[in-house]
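K.L.:
Attaching a single structure in structure tokens format; questions to follow.
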There are 2 protein chains.
Amino acid sequence: MAEAPRDGHELLERFRRWLRDRHMPITRQRDLVAQAIFAAGGHLSVEELERRVRDRGHHVGTATVYRALEVLVKSGLVRAHDFGEGFKRYEPLLSPAQHGHLICTRCGRVREFSTERFERTLPMVADEMGFLHQRHRVEIHGLCRTCRDAEIGALTGGRRRA
Amino acid sequence: MAEAPRDGHELLERFRRWLRDRHMPITRQRDLVAQAIFAAGGHLSVEELERRVRDRGHHVGTATVYRALEVLVKSGLVRAHDFGEGFKRYEPLLSPAQHGHLICTRCGRVREFSTERFERTLPMVADEMGFLHQRHRVEIHGLCRTCRDAEIGALTGGRRRA
DNA sequence: TTAGGTGCAAACGGTTTGCAATCGA
DNA sequence: TCGATTGCAAACCGTTTGCACCTAA
């Protein structure tokens with residue numbers, strides 16, 4: 001099976017190089033976690049990540065997954081997000097450009113959108129308020145197409161149950 | 001503008017009315033929590049909230065604080081935020097306009113800024129991606145003036161060990 | 001060989017819940 | 001009165017840590 005349909009393999013190589021460069025062992029576990037997240041391509045929770053590793057017939061302890069993610073974040077190839085769900089999600093930095101997140105308030109699906117048009121403004125805003133801009137987060141919470149349709153269907157369709 | 005420095009009281013009244021309207025008891029605890037958050041005016045954690053109640057010579061159990069906050073959020077008079085600190089912060093909706101948050105990555109201080117210039121754009125962006133915009137979150141993470149100065153001082157001051 | 005990584009289970013910290021006692025309307 | 005709320009402590013849940021064992025280099 002084509003494990004890495006995208007540039008996941010490229011990122012995996014970069015991770016290995018990064019580890020090698022600082023004399024950190026390339027362990028089976030780190031490789032498995034990295035593969036899983038790079039192949040998936042976006043916004044996975046630790047639980048989902050573990051499941052994907054398991055689905056490939058391997059096992060990595062939960063603590064180790066967290067430790068591997070810590071390393072991946074340090075390497076700059078993965079970013080941690082907190083969408084306020086009570087746990088974190090991890091995103092490989094395939095997407096070169098900065099982007100925001102669209103989060104469905106019903107099903108939790110996450111999509112990305114370009115934040116190009118905000119990239120100049122936000123550091124300016126920070127400056128106006130006496131802050132030194134380091135990074136920013138732009139999120140839109142709403143209903144994805146599927147859930148929007150489902151809501152509308154529920155309202156107009158059958159017996160209303162308000 | 002209409003809501004004077006003591007708009008906390010106005011909000012408290014609104015909360016009481018909201019409870020009364022749906023036949024929910026106005027308990028001492030709900031009142032104390034509401035008072036504390038409305039008086040403070042912004043971005044408190046549950047721990048801080050409990051401390052403020054205690055400082056006024058009262059006591060409300062932690063679980064009850066959470067339950068009162070749940071009701072306050074439902075009433076629409078308070079909003080919950082997750083700034084990725086591992087716990088939530090609660091903000092009374094005094095601030096008439098929508099706003100974003102500037103969060104100091106060093107000391108944790110939170111300031112607000114107007115997001116007027118994004119209010120039209122973000123729903124459009126959502127629409128382009130097939131999402132129905134409900135609300136959004138714009139955060140800038142960086143250094144507040146004090147911490148920025150401290151960092152610079154540490155760098156140029158020299159006589160400190162790095 | 002050995003510094004470092006791993007797995008397990010226990011600890012942690014914020015939040016939620018079960019339940020008997022209590023309270024507001 | 002009587003259903004809703006409270007307080008306490010225990011449960012929860014995602015995450016971190018201590019420690020004996022293991023493994024990449």
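Ordered as shown in the structure tokens, chains take letters A, B, and onward, while each chain numbers its residues from 1 and ligands are numbered from 1 in the order shown.
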Residues of chain B within 10 Å of chain C, counting only C-alpha atoms (C1' of nucleotides), what are they? List them as a PyMOL selection string.

P.N.:
chain B and resi 20+23-28+46-47+62-63+66-67+86-88

K.L.:
Since we have the selection now, will you write its residues out, keeping C-alpha atoms, as an mmCIF file, in the first residue's frame?

P.N.:
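Result file out_6.cif:
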data_model
loop_
_atom_site.group_PDB
_atom_site.id
_atom_site.type_symbol
_atom_site.label_atom_id
_atom_site.label_comp_id
_atom_site.auth_asym_id
_atom_site.auth_seq_id
_atom_site.Cartn_x
_atom_site.Cartn_y
_atom_site.Cartn_z
ATOM 1 C CA ARG B 20 -36.253 34.012 37.196
ATOM 2 C CA HIS B 23 -37.864 29.346 37.095
ATOM 3 C CA MET B 24 -34.357 28.626 38.198
ATOM 4 C CA PRO B 25 -33.563 29.497 41.798
ATOM 5 C CA ILE B 26 -31.403 32.527 42.465
ATOM 6 C CA THR B 27 -29.110 30.988 44.999
ATOM 7 C CA ARG B 28 -26.506 32.663 47.166
ATOM 8 C CA VAL B 46 -11.955 29.210 38.254
ATOM 9 C CA GLU B 47 -9.215 29.351 40.848
ATOM 10 C CA THR B 62 -15.507 24.282 43.477
ATOM 11 C CA ALA B 63 -18.089 22.068 41.811
ATOM 12 C CA TYR B 66 -18.258 25.236 37.719
ATOM 13 C CA ARG B 67 -21.993 24.653 37.748
ATOM 14 C CA GLY B 86 -4.601 23.749 30.478
ATOM 15 C CA PHE B 87 -7.620 25.377 32.054
ATOM 16 C CA LYS B 88 -10.386 27.745 31.047
#

K.L.:
Taking only C-alpha atoms (C1' of nucleotides) into account, what are the residues of chain D at most 9 Å from chain A, put as a list in words?

P.N.:
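Taken together, these residues fit the definition: DC13, DG14, DT15, DT16, DT23, DA24 and DA25 of chain D.
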
K.L.:
Using N, CA and C atoms (P, O5', C5', C4', C3', O3' and C1' of nucleotides), can you export the residues from the last selection as a compact mmCIF listing (two decimals), in the first residue's frame?

P.N.:
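Below is the file that was written, result.txt:
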# COMPACT_ATOMS: atom_id res chain seq x y z
P DC D 13 -13.92 9.24 31.35
O5' DC D 13 -12.97 10.27 30.62
C5' DC D 13 -13.01 11.67 30.95
C4' DC D 13 -11.72 12.30 30.45
C3' DC D 13 -10.84 11.38 29.61
O3' DC D 13 -10.22 12.17 28.63
C1' DC D 13 -9.62 12.09 31.44
P DG D 14 -9.68 11.55 27.24
O5' DG D 14 -8.44 12.49 26.95
C5' DG D 14 -8.62 13.89 26.89
C4' DG D 14 -7.38 14.58 27.40
C3' DG D 14 -6.08 14.18 26.69
O3' DG D 14 -5.36 15.37 26.40
C1' DG D 14 -5.85 13.88 29.02
P DT D 15 -4.00 15.32 25.61
O5' DT D 15 -2.94 15.28 26.81
C5' DT D 15 -2.91 16.38 27.70
C4' DT D 15 -1.93 16.11 28.82
C3' DT D 15 -0.51 15.76 28.36
O3' DT D 15 0.36 16.76 28.87
C1' DT D 15 -1.24 14.34 30.11
P DT D 16 1.95 16.65 28.62
O5' DT D 16 2.46 16.05 30.01
C5' DT D 16 2.06 16.67 31.21
C4' DT D 16 2.75 16.01 32.38
C3' DT D 16 4.26 15.77 32.21
O3' DT D 16 4.86 16.22 33.41
C1' DT D 16 3.18 13.75 32.80
P DT D 23 14.85 -4.35 23.18
O5' DT D 23 15.11 -3.10 22.23
C5' DT D 23 14.87 -1.77 22.68
C4' DT D 23 15.78 -0.82 21.93
C3' DT D 23 16.65 -1.44 20.84
O3' DT D 23 16.90 -0.44 19.89
C1' DT D 23 18.04 -0.50 22.42
P DA D 24 16.79 -0.68 18.30
O5' DA D 24 17.44 0.65 17.73
C5' DA D 24 16.90 1.92 18.11
C4' DA D 24 18.02 2.94 18.15
C3' DA D 24 18.91 2.98 16.92
O3' DA D 24 19.22 4.34 16.66
C1' DA D 24 20.23 2.45 18.83
P DA D 25 20.10 4.69 15.38
O5' DA D 25 21.56 4.84 16.01
C5' DA D 25 21.81 5.90 16.93
C4' DA D 25 23.27 5.80 17.35
C3' DA D 25 24.25 5.65 16.18
O3' DA D 25 25.40 6.43 16.42
C1' DA D 25 24.56 3.90 17.68

K.L.:
What residues in chain B lie within 10 Å of chain A, counting only C-alpha atoms, written as a VMD selection string?

P.N.:
chain B and resid 80 to 88 100 to 105 111 to 115 117 to 118 121 to 123 125 to 148

K.L.:
DSSP says strand (DSSP E) for which residues of stretch 6-161 of chain A? Put them as a PyMOL selection string?

P.N.:
chain A and resi 44-45+78-81+89-92+99-104+110-114+132-143

K.L.:
Using DSSP on the backbone coordinates, identify all residues within stretch 45-145 of chain A classified as helix (DSSP H, G or I); present the result as a PyMOL selection string.

P.N.:
chain A and resi 46-55+62-75+116-119+121-128+145

K.L.:
One decimal, in Å: what's the spacing between atom CA of B:Ala40 and atom CA of B:Glu10?

P.N.:
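Taking atom CA of B:Ala40 as the start and atom CA of B:Glu10 as the end point, the length is 13.6 Å.
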
K.L.:
When you draw a straight line from atom CA of B:Arg16 to atom CA of B:Val73, how long is it in Å?

P.N.:
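Pair atom CA of B:Arg16 / atom CA of B:Val73 returns 13.6 Å.
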